[in-house]
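See structure below.
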Amino acid sequence: MSFRIIPVLFFALLLTSCVSKRKYEDLRSVENRQQRELADLRKQLTAAENTVRDLNASQSSQLTESQQREQRLQTELANARNEVARVKTDIETVRNELSLAKTELARQTNQLGGLEQDLTARSQRIAELERAIQEKEARIEAIRTTIDRTLRGFSASDLTVREQDGKIYVSMSQDLLFPSGSKTINAKGKDALAQLAGALVANSDIAITVEGHTDSDGNENTNWDLSVDRAVSVLKELTKNGVDPTRIIASGRGEYFPVDNNETREGKARNRRTEIILTPKLDALYRLLN
C-alpha cells in the first residue's frame, strides 16, 4: 500500500514540478514583456521629456523674441510718438511763422501802398517843379532877350547882359554912367538907365539889386564909399523913371569883387562897373519846394 503511494506522490510531485516550471516560464514571459513595455514607456517618457524640454526651450526662445520684439516695437512707438510731437511742434512753428509773415506782408503791402501814393505825389511834385523851373528859365530868357533888345544901342564895352545862376546881370561900365571919381550919372548913363527902367517897369515881378564896384586904385575906404554912392545914384535914377523903390536894393562892393585883374588898364576899366542884378520872383517855385 505504501509502495503504491510513493509512485503516486512522485507523479504528483513531478506534475507539480512541471506546472510550477511552466508557470514560472509564463511569469518570466510576462515579466519580460512588462520589462519591454517598461523600457518602451521609459523611451516614450524620455522622448516626451525631450519634447517638453524642446518645447520649453522653443517657447522660452519665442518668449524672449516676443519680448525683444515688443520692446523694439515699444521703442519704435515711443520714437514715432516723439517724431509726431516734433512734427506737430514744427507745424505749429511754421504756422506761427506763416502768421507773422502774413502780418508782415500785410504791413509791407500797406507800407508799399503808402509809398506808392507818396511816390505818385512826389512824381507830381517833381513834374510841377520841372514845369516851374522851365517857366522860370523861359521867363529869365524872355527878360534877358527883352533887355538885350532894349539896350542894343550900347556897345559891348559899355554894357553887357548875361544870365548866371538863374539871375540876369546887366553890367554897366563907369565910362557909360559916371565921370571918373564921381557919383553923378552923366547924360549917356541916364539914357541907358531910362531905357532899362522901361523894361523893368513892364516886368514888375523882378527883384532888383544894384551893386557898385571899383578898381584897386586909391584908398580902399574911399573906393567902398564911392561904390555905395554910385549904386544909390543908379537906384534913384531907376525909381525916377518909374521903377517901384520897394523892388530895389543898393549895395557897394568896393574893390573886392573884381571881374579882371587890376594890373592892366583894361582890367581896371572892366572892374569899374555897376551891376544891376535882376532876380525873377520864384514864389510859385518856393511854394512847391515848401
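As shown in the C-alpha cells, the chain order sets the letters A, B, ...; within each chain, residues go from 1, and ligands are also counted from 1 in the order they appear.
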
Within 12 Å of Ala187 (chain A), counting only C-alpha atoms, which residues show up once you throw out same-chain ones fewer than 5 positions away? Write them as an mmCIF file with N, CA and C atoms, in the first residue's frame, please.
```cif
data_model
loop_
_atom_site.group_PDB
_atom_site.id
_atom_site.type_symbol
_atom_site.label_atom_id
_atom_site.label_comp_id
_atom_site.auth_asym_id
_atom_site.auth_seq_id
_atom_site.Cartn_x
_atom_site.Cartn_y
_atom_site.Cartn_z
ATOM 1 N N ASP A 175 32.512 204.308 -67.607
ATOM 2 C CA ASP A 175 32.502 205.271 -68.706
ATOM 3 C C ASP A 175 31.090 205.536 -69.202
ATOM 4 N N LEU A 176 30.202 204.536 -69.108
ATOM 5 C CA LEU A 176 28.826 204.731 -69.548
ATOM 6 C C LEU A 176 28.042 205.586 -68.560
ATOM 7 N N LEU A 177 28.320 205.427 -67.245
ATOM 8 C CA LEU A 177 27.465 206.048 -66.233
ATOM 9 C C LEU A 177 28.066 207.289 -65.569
ATOM 10 N N PHE A 178 29.354 207.258 -65.249
ATOM 11 C CA PHE A 178 29.903 208.302 -64.376
ATOM 12 C C PHE A 178 31.205 208.887 -64.931
ATOM 13 N N PRO A 179 31.437 210.138 -64.621
ATOM 14 C CA PRO A 179 32.779 210.684 -64.808
ATOM 15 C C PRO A 179 33.710 210.045 -63.782
ATOM 16 N N ALA A 192 20.655 205.292 -70.783
ATOM 17 C CA ALA A 192 20.685 203.830 -70.659
ATOM 18 C C ALA A 192 19.782 203.359 -69.521
ATOM 19 N N LEU A 193 19.845 204.032 -68.390
ATOM 20 C CA LEU A 193 19.025 203.641 -67.241
ATOM 21 C C LEU A 193 17.544 203.879 -67.502
ATOM 22 N N ALA A 194 17.224 204.912 -68.257
ATOM 23 C CA ALA A 194 15.818 205.176 -68.585
ATOM 24 C C ALA A 194 15.261 204.048 -69.453
ATOM 25 N N GLU A 237 17.970 206.909 -59.968
ATOM 26 C CA GLU A 237 17.653 207.173 -61.370
ATOM 27 C C GLU A 237 16.601 206.186 -61.884
#
```

Helix (DSSP H, G or I) call set, DSSP backbone run, region 139-259 of chain A, as number ranges by chain: A: 139-150, 174-177, 187-202, 220-240, 245-247

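Each of A:Asp90, A:Glu275, A:Asp244, A:Glu70 was checked against Thr214 (chain A) using only C-alpha atoms; the smallest atom-to-atom distance is that of A:Glu275.
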
From the options A:Ile206, A:Ile276, A:Val259, A:Leu27, which residue's atoms come nearest to Thr246 (chain A), counting only C-alpha atoms?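 Distance minimum relative to Thr246 (chain A) lands on A:Ile206.
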
Which distance in Å separates CA of Thr184 (chain A) and CA of Leu235 (chain A), to one decimal?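 Distance between the two atoms: 12.1 Å.
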
Kindly give the distance, in Å, that separates CA of Arg139 (chain A) and CA of Glu163 (chain A), rounded to a single decimal. 11.6 Å

Report, in Å to a single decimal, how far apart CA of Asn241 (chain A) and CA of Glu141 (chain A) are.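 Atom-to-atom, CA of Glu141 (chain A) to CA of Asn241 (chain A), that is 23.7 Å.
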
Spatial neighbours of Ser173 (chain A), max dist 8 Å, only C-alpha atoms, sep filter under 5 positions, as a ChimeraX atom specification: /A:157-159,269-270,272-274

Keeping only C-alpha atoms, take the residues you just selected and write them out as an mmCIF file, in the first residue's frame.
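Listed below is the output, part23.cif:
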```cif
data_model
loop_
_atom_site.group_PDB
_atom_site.id
_atom_site.type_symbol
_atom_site.label_atom_id
_atom_site.label_comp_id
_atom_site.auth_asym_id
_atom_site.auth_seq_id
_atom_site.Cartn_x
_atom_site.Cartn_y
_atom_site.Cartn_z
ATOM 1 C CA SER A 157 32.495 197.631 -73.840
ATOM 2 C CA ASP A 158 29.968 199.844 -72.054
ATOM 3 C CA LEU A 159 27.201 197.359 -71.322
ATOM 4 C CA ALA A 269 38.351 199.526 -66.660
ATOM 5 C CA ARG A 270 36.341 196.301 -66.527
ATOM 6 C CA ARG A 272 34.997 199.850 -62.532
ATOM 7 C CA ARG A 273 31.382 198.941 -63.116
ATOM 8 C CA THR A 274 27.851 198.953 -61.759
#
```

Please run DSSP on the backbone and report, as an NGL selection string, all residues within region 1-232 of chain A that come out as strand (DSSP E or B). :A and (159-164 or 167-173 or 206-213)

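Between Gln174 (chain A) and the residues A:Arg247, A:Lys268, A:Arg95, A:Lys136, the shortest atom-to-atom distance, using only C-alpha atoms, involves A:Lys268.
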
Point out the residue among A:Gln59, A:Ser216, A:Gln67, A:Asn271 with the least atom-to-atom distance to Met172 (chain A), counting only C-alpha atoms. A:Asn271

Counting only C-alpha atoms, the option among A:Ala132, A:Leu115, A:Ala142, A:Val52 closest to Asn203 (chain A):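 The shortest atom-to-atom distance to Asn203 (chain A) comes from A:Ala142.
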
Would you kindly return, as a list of chain:residue names, each protein, DNA or RNA residue with an atom no farther than 10 Å from any atom of Pro280 (chain A), considering only C-alpha atoms and excluding same-chain residues fewer than 6 positions away? A:Lys136, A:Glu137, A:Arg139, A:Ile140, A:Ile143, A:Gly166, A:Lys167, A:Ile168, A:Asn203, A:Ser204, A:Asp205, A:Ile206, A:Ala207, A:Ile208
